[in-house]
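Novice: This one is target_4.tsv, TSV, C-alpha atoms.
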```tsv
chain	number	residue	atom	x	y	z
A	1	MET	CA	0.00	0.00	0.00
A	2	PHE	CA	2.80	2.38	0.94
A	3	ASN	CA	4.52	1.84	-2.41
A	4	LYS	CA	1.26	2.49	-4.32
A	5	ILE	CA	0.70	5.75	-2.42
A	6	THR	CA	4.31	6.79	-2.97
A	7	ARG	CA	4.11	6.11	-6.70
A	8	ARG	CA	0.77	7.98	-6.99
A	9	THR	CA	2.14	10.96	-5.03
A	10	GLY	CA	5.19	10.97	-7.27
A	11	ARG	CA	3.01	11.05	-10.38
A	12	PHE	CA	0.97	13.97	-8.94
A	13	ALA	CA	4.17	15.86	-8.12
A	14	ALA	CA	5.48	15.29	-11.64
A	15	VAL	CA	2.23	16.54	-13.18
A	16	ALA	CA	2.23	19.59	-10.89
A	17	ALA	CA	5.86	20.36	-11.73
A	18	ALA	CA	5.12	20.07	-15.44
A	19	GLY	CA	2.18	22.43	-15.01
A	20	LEU	CA	4.29	24.97	-13.16
A	21	LEU	CA	6.97	24.69	-15.83
A	22	ALA	CA	4.39	25.33	-18.57
A	23	MET	CA	3.01	28.32	-16.68
A	24	SER	CA	6.52	29.69	-16.22
A	25	ALA	CA	7.27	29.28	-19.91
A	26	GLN	CA	4.02	31.02	-20.84
A	27	ALA	CA	4.82	33.87	-18.48
A	28	ALA	CA	8.18	34.28	-20.19
A	29	ASP	CA	6.65	34.45	-23.67
A	30	PRO	CA	6.63	37.97	-25.09
A	31	ILE	CA	3.42	39.93	-25.45
A	32	ARG	CA	3.06	40.35	-29.18
A	33	ILE	CA	1.79	43.73	-30.41
A	34	GLY	CA	0.86	43.64	-34.08
A	35	SER	CA	0.90	46.71	-36.33
A	36	PHE	CA	0.39	47.76	-39.93
A	37	PHE	CA	1.34	51.31	-40.90
A	38	SER	CA	1.63	53.44	-44.03
A	39	VAL	CA	5.39	53.85	-43.59
A	40	THR	CA	5.93	54.48	-47.28
A	41	GLY	CA	3.63	55.89	-49.98
A	42	PRO	CA	1.42	58.98	-49.91
A	43	ALA	CA	0.53	58.59	-46.23
A	44	SER	CA	4.11	58.05	-45.03
A	45	PHE	CA	3.91	61.28	-43.02
A	46	LEU	CA	1.46	59.33	-40.84
A	47	GLY	CA	3.03	55.90	-40.72
A	48	ASP	CA	6.69	56.84	-40.36
A	49	PRO	CA	6.37	58.68	-37.00
A	50	GLU	CA	3.86	56.09	-35.80
A	51	LEU	CA	6.27	53.21	-36.35
A	52	LYS	CA	9.19	55.15	-34.86
A	53	THR	CA	7.09	55.92	-31.80
A	54	LEU	CA	6.12	52.31	-31.20
A	55	GLU	CA	9.67	51.10	-31.74
A	56	MET	CA	11.16	53.49	-29.19
A	57	TYR	CA	8.50	52.98	-26.52
A	58	VAL	CA	8.39	49.19	-26.84
A	59	GLU	CA	12.15	49.31	-26.30
A	60	LYS	CA	11.78	51.65	-23.32
A	61	ILE	CA	9.03	49.57	-21.70
A	62	ASN	CA	11.13	46.43	-22.09
A	63	GLU	CA	14.15	48.12	-20.51
A	64	GLU	CA	11.93	49.00	-17.54
A	65	GLY	CA	10.82	45.39	-17.04
A	66	GLY	CA	8.07	44.91	-19.60
A	67	VAL	CA	4.39	44.37	-18.88
A	68	LEU	CA	3.21	41.76	-16.37
A	69	GLY	CA	6.86	40.72	-16.15
A	70	ARG	CA	6.92	39.90	-19.86
A	71	GLN	CA	8.69	41.65	-22.71
A	72	LEU	CA	6.80	43.30	-25.53
A	73	GLU	CA	7.45	42.21	-29.10
A	74	LEU	CA	6.45	44.50	-31.96
A	75	VAL	CA	5.43	42.76	-35.19
A	76	HIS	CA	4.87	45.32	-37.93
A	77	TYR	CA	4.23	45.66	-41.66
A	78	ASP	CA	4.16	48.53	-44.15
A	79	ASP	CA	0.88	48.69	-46.06
A	80	ALA	CA	2.09	51.75	-48.08
A	81	GLY	CA	-1.39	53.26	-47.69
A	82	ASN	CA	-2.99	50.41	-49.65
A	83	ALA	CA	-6.21	49.04	-48.15
A	84	SER	CA	-5.78	45.63	-49.79
A	85	LYS	CA	-2.31	45.27	-48.31
A	86	ALA	CA	-3.61	46.36	-44.93
A	87	ARG	CA	-6.24	43.61	-45.05
A	88	ASN	CA	-3.61	41.01	-45.95
A	89	TYR	CA	-1.26	42.13	-43.20
A	90	ALA	CA	-4.03	42.12	-40.63
A	91	SER	CA	-4.77	38.54	-41.64
A	92	ARG	CA	-1.11	37.61	-41.27
A	93	LEU	CA	-0.87	39.26	-37.85
A	94	ILE	CA	-3.90	37.37	-36.61
A	95	ARG	CA	-3.43	33.94	-38.22
A	96	SER	CA	0.31	33.51	-38.65
A	97	ASP	CA	1.97	35.85	-36.17
A	98	ARG	CA	-0.73	35.21	-33.54
A	99	VAL	CA	-0.41	38.63	-31.96
A	100	ASP	CA	-2.16	39.45	-28.72
A	101	MET	CA	-3.58	42.74	-29.99
A	102	ILE	CA	-3.16	45.24	-32.82
A	103	VAL	CA	-2.15	48.90	-32.57
A	104	GLY	CA	-2.02	50.47	-36.02
A	105	GLY	CA	-3.91	51.44	-39.12
A	106	SER	CA	-2.53	54.81	-40.24
A	107	THR	CA	-5.47	55.63	-42.49
A	108	THR	CA	-9.22	55.20	-42.36
A	109	GLY	CA	-9.14	53.08	-45.52
A	110	ALA	CA	-6.58	50.67	-44.07
A	111	THR	CA	-8.42	50.48	-40.77
A	112	MET	CA	-11.80	49.76	-42.31
A	113	ALA	CA	-10.32	47.15	-44.65
A	114	ALA	CA	-9.04	45.23	-41.62
A	115	ALA	CA	-12.07	45.83	-39.39
A	116	PRO	CA	-14.28	42.88	-40.43
A	117	MET	CA	-11.40	40.44	-39.97
A	118	VAL	CA	-10.57	41.89	-36.55
A	119	GLU	CA	-14.17	41.59	-35.43
A	120	GLN	CA	-14.40	38.01	-36.66
A	121	ALA	CA	-11.13	37.03	-34.96
A	122	LYS	CA	-12.18	38.79	-31.72
A	123	ILE	CA	-8.87	40.55	-31.17
A	124	PRO	CA	-8.50	44.02	-29.59
A	125	PHE	CA	-7.56	46.63	-32.21
A	126	ILE	CA	-6.61	50.25	-31.46
A	127	SER	CA	-6.69	52.26	-34.68
A	128	LEU	CA	-4.64	55.40	-35.29
A	129	ALA	CA	-6.97	56.80	-37.96
A	130	GLY	CA	-9.47	59.62	-37.65
A	131	ALA	CA	-12.81	59.05	-39.38
A	132	VAL	CA	-15.90	58.77	-37.19
A	133	VAL	CA	-16.97	55.58	-39.00
A	134	ILE	CA	-14.20	53.61	-37.24
A	135	THR	CA	-15.96	53.67	-33.89
A	136	THR	CA	-19.45	54.92	-34.78
A	137	PRO	CA	-21.44	52.79	-34.57
A	138	VAL	CA	-19.46	51.03	-31.86
A	139	LYS	CA	-17.64	47.90	-32.99
A	140	LYS	CA	-16.99	45.55	-30.09
A	141	TRP	CA	-13.28	44.92	-30.72
A	142	ILE	CA	-12.22	48.23	-32.29
A	143	PHE	CA	-11.01	51.38	-30.52
A	144	LYS	CA	-9.12	54.44	-31.74
A	145	THR	CA	-6.91	57.24	-30.40
A	146	PRO	CA	-7.37	60.32	-32.65
A	147	GLN	CA	-10.36	62.57	-32.25
A	148	SER	CA	-12.92	61.94	-34.97
A	149	ASP	CA	-13.45	64.12	-38.02
A	150	ARG	CA	-16.85	64.95	-36.56
A	151	MET	CA	-15.19	66.44	-33.46
A	152	ALA	CA	-12.87	68.44	-35.71
A	153	ALA	CA	-15.87	69.78	-37.64
A	154	GLU	CA	-17.59	70.75	-34.38
A	155	ARG	CA	-14.50	72.56	-33.09
A	156	ILE	CA	-13.88	74.40	-36.38
A	157	LEU	CA	-17.47	75.47	-37.04
A	158	ASN	CA	-17.97	76.65	-33.48
A	159	ASP	CA	-14.78	78.71	-33.68
A	160	MET	CA	-16.05	80.24	-36.93
A	161	LYS	CA	-19.37	81.01	-35.27
A	162	ASP	CA	-17.66	82.60	-32.26
A	163	ARG	CA	-15.78	84.88	-34.68
A	164	GLY	CA	-19.00	85.95	-36.37
A	165	PHE	CA	-18.70	83.92	-39.58
A	166	SER	CA	-21.69	82.04	-40.94
A	167	LYS	CA	-21.30	81.35	-44.69
A	168	VAL	CA	-18.73	78.63	-45.36
A	169	GLY	CA	-16.97	77.66	-48.56
A	170	LEU	CA	-15.94	74.02	-48.18
A	171	ILE	CA	-13.26	72.24	-50.19
A	172	SER	CA	-12.28	68.65	-49.42
A	173	GLY	CA	-10.33	65.67	-50.68
A	174	THR	CA	-12.16	62.74	-52.24
A	175	GLY	CA	-10.20	60.10	-50.30
A	176	GLY	CA	-11.56	58.35	-47.22
A	177	PHE	CA	-10.51	61.05	-44.75
A	178	GLY	CA	-11.63	64.02	-46.86
A	179	SER	CA	-14.93	62.44	-47.86
A	180	SER	CA	-15.81	61.58	-44.29
A	181	GLY	CA	-14.73	65.03	-43.11
A	182	ARG	CA	-16.94	66.66	-45.73
A	183	GLU	CA	-19.90	64.53	-44.69
A	184	GLN	CA	-19.42	65.33	-41.01
A	185	THR	CA	-18.96	69.05	-41.70
A	186	LEU	CA	-22.25	69.18	-43.62
A	187	ALA	CA	-24.02	67.30	-40.82
A	188	VAL	CA	-22.59	69.39	-37.98
A	189	ALA	CA	-23.41	72.66	-39.79
A	190	LYS	CA	-27.08	71.64	-39.86
A	191	GLU	CA	-27.08	70.64	-36.20
A	192	ILE	CA	-25.38	73.62	-34.55
A	193	GLY	CA	-27.32	76.28	-36.47
A	194	GLY	CA	-26.09	79.68	-37.52
A	195	ILE	CA	-23.61	78.13	-39.97
A	196	GLU	CA	-24.35	77.34	-43.61
A	197	ILE	CA	-22.19	75.57	-46.21
A	198	ILE	CA	-22.91	77.59	-49.38
A	199	ALA	CA	-20.06	76.35	-51.59
A	200	ASP	CA	-18.91	72.74	-51.78
A	201	GLU	CA	-15.89	71.73	-53.89
A	202	THR	CA	-13.68	68.62	-53.98
A	203	TYR	CA	-10.29	67.52	-55.33
A	204	SER	CA	-8.66	64.14	-55.91
A	205	GLY	CA	-5.39	62.89	-54.50
A	206	SER	CA	-3.72	63.25	-57.89
A	207	ASP	CA	-4.70	66.91	-58.41
A	208	THR	CA	-1.77	69.30	-58.46
A	209	ASP	CA	-3.70	72.58	-58.68
A	210	MET	CA	-6.97	73.55	-56.98
A	211	THR	CA	-7.21	77.06	-58.40
A	212	ALA	CA	-10.46	76.28	-60.25
A	213	GLN	CA	-12.22	75.00	-57.13
A	214	LEU	CA	-11.03	77.91	-55.01
A	215	THR	CA	-12.07	80.39	-57.70
A	216	ASN	CA	-15.58	78.90	-57.63
A	217	ILE	CA	-15.67	79.34	-53.85
A	218	ARG	CA	-14.35	82.92	-54.05
A	219	ASN	CA	-16.99	83.77	-56.63
A	220	THR	CA	-19.85	82.33	-54.58
A	221	GLU	CA	-21.76	85.29	-53.20
A	222	GLY	CA	-21.78	85.48	-49.42
A	223	VAL	CA	-18.86	83.20	-48.57
A	224	ASP	CA	-17.10	84.74	-45.56
A	225	VAL	CA	-14.84	81.87	-44.45
A	226	ILE	CA	-13.19	78.86	-46.12
A	227	LEU	CA	-12.47	75.34	-44.80
A	228	ASN	CA	-10.32	72.64	-46.39
A	229	PHE	CA	-10.79	69.06	-45.11
A	230	GLY	CA	-8.06	66.69	-46.25
A	231	PHE	CA	-4.58	65.33	-45.61
A	232	GLY	CA	-1.36	64.69	-47.47
A	233	GLN	CA	-0.09	66.98	-50.23
A	234	GLY	CA	-3.57	68.27	-51.17
A	235	PRO	CA	-4.09	70.73	-48.30
A	236	ALA	CA	-0.65	72.29	-48.85
A	237	ILE	CA	-1.51	72.83	-52.52
A	238	VAL	CA	-4.88	74.32	-51.55
A	239	THR	CA	-3.12	76.64	-49.11
A	240	ARG	CA	-0.63	77.87	-51.70
A	241	ASN	CA	-3.38	78.33	-54.31
A	242	TYR	CA	-5.50	80.23	-51.78
A	243	ASP	CA	-2.58	82.61	-51.20
A	244	GLN	CA	-1.81	82.95	-54.92
A	245	LEU	CA	-5.41	83.93	-55.63
A	246	GLY	CA	-5.25	86.61	-52.96
A	247	ILE	CA	-8.40	85.40	-51.25
A	248	GLU	CA	-9.03	87.69	-48.29
A	249	ARG	CA	-11.28	85.50	-46.22
A	250	PRO	CA	-10.35	83.59	-43.05
A	251	PHE	CA	-9.03	80.12	-43.84
A	252	TYR	CA	-9.24	76.88	-41.82
A	253	GLN	CA	-7.67	73.46	-42.26
A	254	SER	CA	-8.60	70.20	-40.52
A	255	HIS	CA	-6.52	68.26	-38.00
A	256	GLY	CA	-5.31	66.15	-40.94
A	257	VAL	CA	-2.44	68.60	-41.45
A	258	ALA	CA	-1.54	69.24	-37.81
A	259	SER	CA	2.23	68.84	-38.11
A	260	ASP	CA	5.33	70.91	-38.71
A	261	GLY	CA	5.69	69.04	-41.97
A	262	PHE	CA	2.62	70.84	-43.29
A	263	LEU	CA	4.19	74.20	-42.46
A	264	ASP	CA	7.28	73.19	-44.43
A	265	LEU	CA	5.13	72.32	-47.46
A	266	ALA	CA	2.83	75.33	-47.30
A	267	GLY	CA	5.46	77.92	-46.40
A	268	SER	CA	4.40	81.51	-45.81
A	269	SER	CA	1.05	80.79	-47.52
A	270	ALA	CA	-0.11	79.19	-44.26
A	271	ASN	CA	0.17	82.37	-42.20
A	272	GLY	CA	-3.14	83.25	-40.61
A	273	LEU	CA	-4.90	79.91	-41.07
A	274	ARG	CA	-6.46	78.08	-38.14
A	275	LEU	CA	-7.01	74.42	-37.31
A	276	PRO	CA	-7.90	72.08	-34.44
A	277	ALA	CA	-4.90	70.15	-33.14
A	278	SER	CA	-3.21	68.37	-30.27
A	279	PRO	CA	-1.37	70.49	-27.68
A	280	LEU	CA	1.75	68.60	-28.81
A	281	LEU	CA	2.42	71.39	-31.31
A	282	VAL	CA	2.45	74.07	-28.60
A	283	PRO	CA	3.59	72.42	-25.34
A	284	GLU	CA	5.29	75.57	-24.09
A	285	SER	CA	1.94	77.41	-24.25
A	286	LEU	CA	0.16	75.02	-21.90
A	287	PRO	CA	-0.33	76.21	-18.30
A	288	GLU	CA	1.46	74.28	-15.56
A	289	SER	CA	-1.93	73.17	-14.24
A	290	ASP	CA	-2.79	71.35	-17.48
A	291	PRO	CA	-2.54	67.58	-16.76
A	292	GLN	CA	-1.41	66.94	-20.34
A	293	LYS	CA	1.61	69.24	-20.12
A	294	PRO	CA	4.12	66.76	-18.58
A	295	VAL	CA	2.95	63.94	-20.86
A	296	VAL	CA	3.18	66.10	-23.97
A	297	GLU	CA	6.59	67.55	-23.02
A	298	ALA	CA	8.05	64.12	-22.24
A	299	TYR	CA	6.90	62.59	-25.52
A	300	LYS	CA	8.17	65.55	-27.54
A	301	SER	CA	11.61	65.61	-25.94
A	302	GLU	CA	12.09	61.83	-26.05
A	303	TYR	CA	10.98	61.47	-29.68
A	304	GLU	CA	13.06	64.36	-30.95
A	305	ALA	CA	16.14	63.24	-29.02
A	306	ARG	CA	15.86	59.69	-30.35
A	307	TRP	CA	15.10	60.43	-34.00
A	308	ASN	CA	16.58	63.90	-34.47
A	309	ALA	CA	13.33	64.92	-36.17
A	310	LYS	CA	10.38	67.10	-35.28
A	311	VAL	CA	7.58	65.42	-33.43
A	312	SER	CA	4.15	65.06	-35.08
A	313	THR	CA	0.63	64.59	-33.78
A	314	PHE	CA	0.41	61.37	-35.80
A	315	GLY	CA	3.21	59.73	-33.85
A	316	ALA	CA	1.36	60.80	-30.71
A	317	TYR	CA	-1.63	58.73	-31.80
A	318	ALA	CA	0.64	55.68	-31.73
A	319	TYR	CA	2.02	56.65	-28.32
A	320	ASP	CA	-1.48	56.90	-26.90
A	321	GLY	CA	-2.48	53.63	-28.55
A	322	LEU	CA	0.43	51.73	-27.04
A	323	MET	CA	-0.05	53.22	-23.58
A	324	LEU	CA	-3.77	52.43	-23.63
A	325	ALA	CA	-2.89	48.87	-24.65
A	326	VAL	CA	-0.40	48.56	-21.80
A	327	GLU	CA	-2.88	49.92	-19.26
A	328	ALA	CA	-5.57	47.50	-20.46
A	329	ILE	CA	-3.24	44.50	-20.23
A	330	GLU	CA	-2.11	45.54	-16.76
A	331	GLN	CA	-5.69	46.08	-15.61
A	332	ALA	CA	-6.73	42.71	-17.02
A	333	GLY	CA	-3.69	40.99	-15.49
A	334	THR	CA	-3.54	38.81	-18.58
A	335	THR	CA	-3.31	38.90	-22.36
A	336	ASP	CA	-6.60	37.05	-22.71
A	337	LYS	CA	-8.19	38.94	-25.58
A	338	ALA	CA	-11.68	39.23	-24.12
A	339	ALA	CA	-10.32	40.41	-20.77
A	340	VAL	CA	-8.09	43.01	-22.45
A	341	ARG	CA	-11.01	44.23	-24.56
A	342	ASP	CA	-13.16	44.63	-21.46
A	343	ALA	CA	-10.35	46.50	-19.69
A	344	LEU	CA	-9.90	48.86	-22.65
A	345	GLU	CA	-13.58	49.67	-22.61
A	346	SER	CA	-13.43	50.56	-18.90
A	347	ILE	CA	-10.43	52.94	-19.02
A	348	GLN	CA	-11.20	56.32	-17.44
A	349	GLY	CA	-9.04	59.38	-16.94
A	350	HIS	CA	-6.09	58.14	-19.00
A	351	VAL	CA	-4.01	61.25	-19.73
A	352	GLY	CA	-2.43	60.94	-23.16
A	353	VAL	CA	-0.69	63.27	-25.57
A	354	THR	CA	-3.84	63.67	-27.68
A	355	GLY	CA	-6.26	64.12	-24.79
A	356	THR	CA	-7.67	62.50	-21.65
A	357	TYR	CA	-9.40	59.23	-22.56
A	358	ASN	CA	-12.66	58.11	-20.97
A	359	MET	CA	-13.78	54.92	-22.69
A	360	SER	CA	-17.15	53.24	-22.29
A	361	ALA	CA	-19.37	50.64	-23.90
A	362	ASP	CA	-20.89	53.46	-25.97
A	363	ASP	CA	-17.63	55.28	-26.77
A	364	HIS	CA	-14.53	53.49	-28.05
A	365	ASN	CA	-12.67	56.74	-28.68
A	366	GLY	CA	-13.03	58.34	-25.27
A	367	LEU	CA	-12.39	61.94	-26.35
A	368	ASP	CA	-14.58	64.97	-27.04
A	369	ALA	CA	-14.28	68.01	-29.27
A	370	GLN	CA	-12.77	70.10	-26.48
A	371	SER	CA	-9.68	67.87	-26.46
A	372	PHE	CA	-8.74	69.76	-29.64
A	373	ARG	CA	-6.94	73.09	-29.19
A	374	ILE	CA	-7.45	75.81	-31.80
A	375	LEU	CA	-4.09	76.86	-33.27
A	376	GLU	CA	-3.22	79.63	-35.72
A	377	VAL	CA	-0.16	79.93	-37.91
A	378	GLN	CA	1.70	83.15	-37.09
A	379	ASP	CA	5.06	83.97	-38.69
A	380	GLY	CA	5.48	80.36	-39.76
A	381	SER	CA	4.84	78.87	-36.31
A	382	TRP	CA	1.90	77.43	-34.40
A	383	LYS	CA	0.26	79.69	-31.81
A	384	LEU	CA	-2.32	78.57	-29.26
A	385	ILE	CA	-5.56	80.53	-29.66
A	386	ASN	CA	-8.01	78.49	-27.60
```
How would this structure read if it were set down as structure tokens?
Specialist:
Amino acid sequence: MFNKITRRTGRFAAVAAAGLLAMSAQAADPIRIGSFFSVTGPASFLGDPELKTLEMYVEKINEEGGVLGRQLELVHYDDAGNASKARNYASRLIRSDRVDMIVGGSTTGATMAAAPMVEQAKIPFISLAGAVVITTPVKKWIFKTPQSDRMAAERILNDMKDRGFSKVGLISGTGGFGSSGREQTLAVAKEIGGIEIIADETYSGSDTDMTAQLTNIRNTEGVDVILNFGFGQGPAIVTRNYDQLGIERPFYQSHGVASDGFLDLAGSSANGLRLPASPLLVPESLPESDPQKPVVEAYKSEYEARWNAKVSTFGAYAYDGLMLAVEAIEQAGTTDKAAVRDALESIQGHVGVTGTYNMSADDHNGLDAQSFRILEVQDGSWKLIN
């Protein structure tokens, strides 16, 4: 009898030891963060700083001990701004690389191409793109860090209204971001009252001169303010054409051009224009009492020191995405996808570079229009207005 009990106890001990060994091995496995960015191509001004941001902060987090005692591993691909490639890379991240979550999607087109697959696979996805359609209506597994184009429209039109303008000439790109921005601007104008879109022009991504569209807006009787909604090279061309035509009406751009790179492209033509943007472009103007000030200043100094390049609001979207992911994993205490998703949805008061995030079951963005600051270009630099 004694020998039987001894052998049985030995078998139990061996099984328990094997279980502990497996748990230890699992704990040592890296947490795999998947990403697809537009690092090259027409949206490279988005994807390049996003990738650089994730690379440097994954490295920093690992140097500080990782997350849940495990290292982070970044698995990333360049979709070059192509929605089909984005869909293929999302599939690879999910099925072959078996990542724990995805932080990426530089553009709305890339994000929406991957969205159905992400929802089907039930994997948390934090997008870095701006259109309202990404999180409205709410998609269970999809979150995002930038303010929506709807919020930008609200902030811009209300600033126009506060300045006494009411008749808007709208020009927008025909790509995903511009089209959605146009749609939201038209909708918000109807809702807030006192603002009317009386001219409505568009341009394609391949257009190299928007003089004709701007001339139509200038010649529309009653227009007292102009708004361009787009990103990439288009808004810089619109800005230069606006200046060349000598249009003497206030001019606004969307948050799609909120970077020093835009100022380089537009040159002195940008002087006087306004747009909604992250405080990242004017950290020195923030009061000491602003909870975002230390976060913004730290990101700016660390990024610029590492890459010897000016910081951009687009890289900040990636910073916020990674930090939200880390907080969710830490709150969940696991990389179980459902638990991480639930933790993401419950995050409150997370102070990021872009704004303070308050997620909920009804809001997978967690920001409001007031998280935008109104900036104006003065003497070739950004100035905080409101």
Novice: Between A:Asp320, A:Glu191, A:Glu154, A:Asp162, which one has atoms that come closest to A:Glu50, using only C-alpha atoms?
Specialist: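 Among the listed residues, the smallest separation from A:Glu50 belongs to A:Asp320.
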Novice: At most 7 Å is the cut-off: for each residue in stretch 271-303 of chain A with any atom that close to an atom of stretch 348-370 of chain A, write down the nearest atom pair and the distance in Å rounded to one decimal, counting all atoms listed in the file, chain first then increasing number, as JSON lines.
Specialist:
```
{"residue": "A:Ser278", "atom": "CA", "partner": "A:Thr354", "partner_atom": "CA", "distance": 5.4}
{"residue": "A:Leu280", "atom": "CA", "partner": "A:Val353", "partner_atom": "CA", "distance": 6.7}
{"residue": "A:Gln292", "atom": "CA", "partner": "A:Val351", "partner_atom": "CA", "distance": 6.3}
{"residue": "A:Val295", "atom": "CA", "partner": "A:Val353", "partner_atom": "CA", "distance": 6.0}
{"residue": "A:Val296", "atom": "CA", "partner": "A:Val353", "partner_atom": "CA", "distance": 5.1}
```
Novice: Those residues with C-alpha atoms, as an mmCIF file, in the coordinates of the input please?
Specialist:
```
data_model
loop_
_atom_site.group_PDB
_atom_site.id
_atom_site.type_symbol
_atom_site.label_atom_id
_atom_site.label_comp_id
_atom_site.auth_asym_id
_atom_site.auth_seq_id
_atom_site.Cartn_x
_atom_site.Cartn_y
_atom_site.Cartn_z
ATOM 1 C CA SER A 278 -3.210 68.370 -30.270
ATOM 2 C CA LEU A 280 1.750 68.600 -28.810
ATOM 3 C CA GLN A 292 -1.410 66.940 -20.340
ATOM 4 C CA VAL A 295 2.950 63.940 -20.860
ATOM 5 C CA VAL A 296 3.180 66.100 -23.970
#
```
Novice: Which residues of stretch 247-337 of chain A come within 9 Å of stretch 124-135 of chain A, and what is each one's closest atom pair and distance in Å (one decimal), counting only C-alpha atoms, sorted by chain and residue number, as CSV?
Specialist:
```
residue,atom,partner,partner_atom,distance
A:Gly256,CA,A:Gly130,CA,8.4
A:Phe314,CA,A:Leu128,CA,7.8
A:Tyr317,CA,A:Leu128,CA,5.7
A:Ala318,CA,A:Leu128,CA,6.4
A:Gly321,CA,A:Ile126,CA,6.1
A:Leu322,CA,A:Ile126,CA,8.4
A:Leu324,CA,A:Ile126,CA,8.6
A:Ala325,CA,A:Ile126,CA,7.9
A:Lys337,CA,A:Pro124,CA,6.5
```
Novice: Take the point (4.7, 54.3, -38.7) as written in the file and pick out every residue within 8 Å of it, counting all atoms listed in the file; give the list as a list in words.
Specialist: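 Protein and nucleic acid residues near the point are Phe36, Phe37, Ser38, Val39, Ser44, Leu46, Gly47, Asp48, Pro49, Glu50, Leu51, Lys52, Thr53, Leu54, Asp78, Ser106 and Gly315 of chain A.
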Novice: What's the separation between atom CA of A:Ile94 and atom CA of A:Arg341, in Å to one decimal place?
Specialist: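 Computing the Euclidean distance for atom CA of A:Ile94 and atom CA of A:Arg341 yields 15.6 Å.
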Novice: Which one is closest to A:Pro42: A:Gly175, A:Ser91, A:Lys60, A:His76? Count all atoms listed in the file.
Specialist: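 So, comparing all the options, the nearest one is A:Gly175.
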Novice: Distance cut-off 10 Å, centre (-2.1, 40.1, -42.5) in file coordinates, counting all atoms listed in the file: which residues qualify? Return them as number ranges by chain.
Specialist: A: 34-36, 76-77, 79, 84-97, 114, 117
Novice: Could you tell me which of A:Leu74, A:Trp141, A:Glu119, A:Val311 comes closest to A:Ser259 if we count only C-alpha atoms?
Specialist: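 Nearest candidate to A:Ser259 out of A:Leu74, A:Trp141, A:Glu119, A:Val311: A:Val311.
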Novice: Measuring atom to atom with only C-alpha atoms, identify which of A:Ala80, A:Ile123, A:Ala316, A:Leu68 is nearest to A:Val340.
Specialist: A:Ile123
Novice: Which one is closest to A:Met101: A:Lys122, A:Arg240, A:Lys300, A:Arg306? Count all atoms listed in the file.
Specialist: A:Lys122
Novice: N, CA and C atoms are what I want for stretch 343-354 of chain A; can you complete it accordingly and write them as an mmCIF file, keeping the file's coordinate frame?
Specialist:
```
data_model
loop_
_atom_site.group_PDB
_atom_site.id
_atom_site.type_symbol
_atom_site.label_atom_id
_atom_site.label_comp_id
_atom_site.auth_asym_id
_atom_site.auth_seq_id
_atom_site.Cartn_x
_atom_site.Cartn_y
_atom_site.Cartn_z
ATOM 1 N N ALA A 343 -11.137 45.513 -20.432
ATOM 2 C CA ALA A 343 -10.350 46.500 -19.690
ATOM 3 C C ALA A 343 -10.212 47.794 -20.499
ATOM 4 N N LEU A 344 -9.992 47.675 -21.787
ATOM 5 C CA LEU A 344 -9.900 48.860 -22.650
ATOM 6 C C LEU A 344 -11.179 49.679 -22.560
ATOM 7 N N GLU A 345 -12.277 48.998 -22.599
ATOM 8 C CA GLU A 345 -13.580 49.670 -22.610
ATOM 9 C C GLU A 345 -13.875 50.367 -21.280
ATOM 10 N N SER A 346 -13.161 49.983 -20.225
ATOM 11 C CA SER A 346 -13.430 50.560 -18.900
ATOM 12 C C SER A 346 -12.424 51.641 -18.505
ATOM 13 N N ILE A 347 -11.455 51.952 -19.367
ATOM 14 C CA ILE A 347 -10.430 52.940 -19.020
ATOM 15 C C ILE A 347 -11.042 54.325 -18.854
ATOM 16 N N GLN A 348 -10.712 54.971 -17.741
ATOM 17 C CA GLN A 348 -11.200 56.320 -17.440
ATOM 18 C C GLN A 348 -10.035 57.190 -16.980
ATOM 19 N N GLY A 349 -10.032 58.435 -17.416
ATOM 20 C CA GLY A 349 -9.040 59.380 -16.940
ATOM 21 C C GLY A 349 -7.615 59.100 -17.365
ATOM 22 N N HIS A 350 -7.438 58.425 -18.498
ATOM 23 C CA HIS A 350 -6.090 58.140 -19.000
ATOM 24 C C HIS A 350 -5.569 59.384 -19.723
ATOM 25 N N VAL A 351 -4.558 60.022 -19.149
ATOM 26 C CA VAL A 351 -4.010 61.250 -19.730
ATOM 27 C C VAL A 351 -2.986 60.883 -20.793
ATOM 28 N N GLY A 352 -3.322 61.203 -22.045
ATOM 29 C CA GLY A 352 -2.430 60.940 -23.160
ATOM 30 C C GLY A 352 -1.918 62.226 -23.762
ATOM 31 N N VAL A 353 -1.180 62.096 -24.858
ATOM 32 C CA VAL A 353 -0.690 63.270 -25.570
ATOM 33 C C VAL A 353 -1.843 63.945 -26.315
ATOM 34 N N THR A 354 -2.732 63.143 -26.869
ATOM 35 C CA THR A 354 -3.840 63.670 -27.680
ATOM 36 C C THR A 354 -4.947 64.249 -26.820
#
```
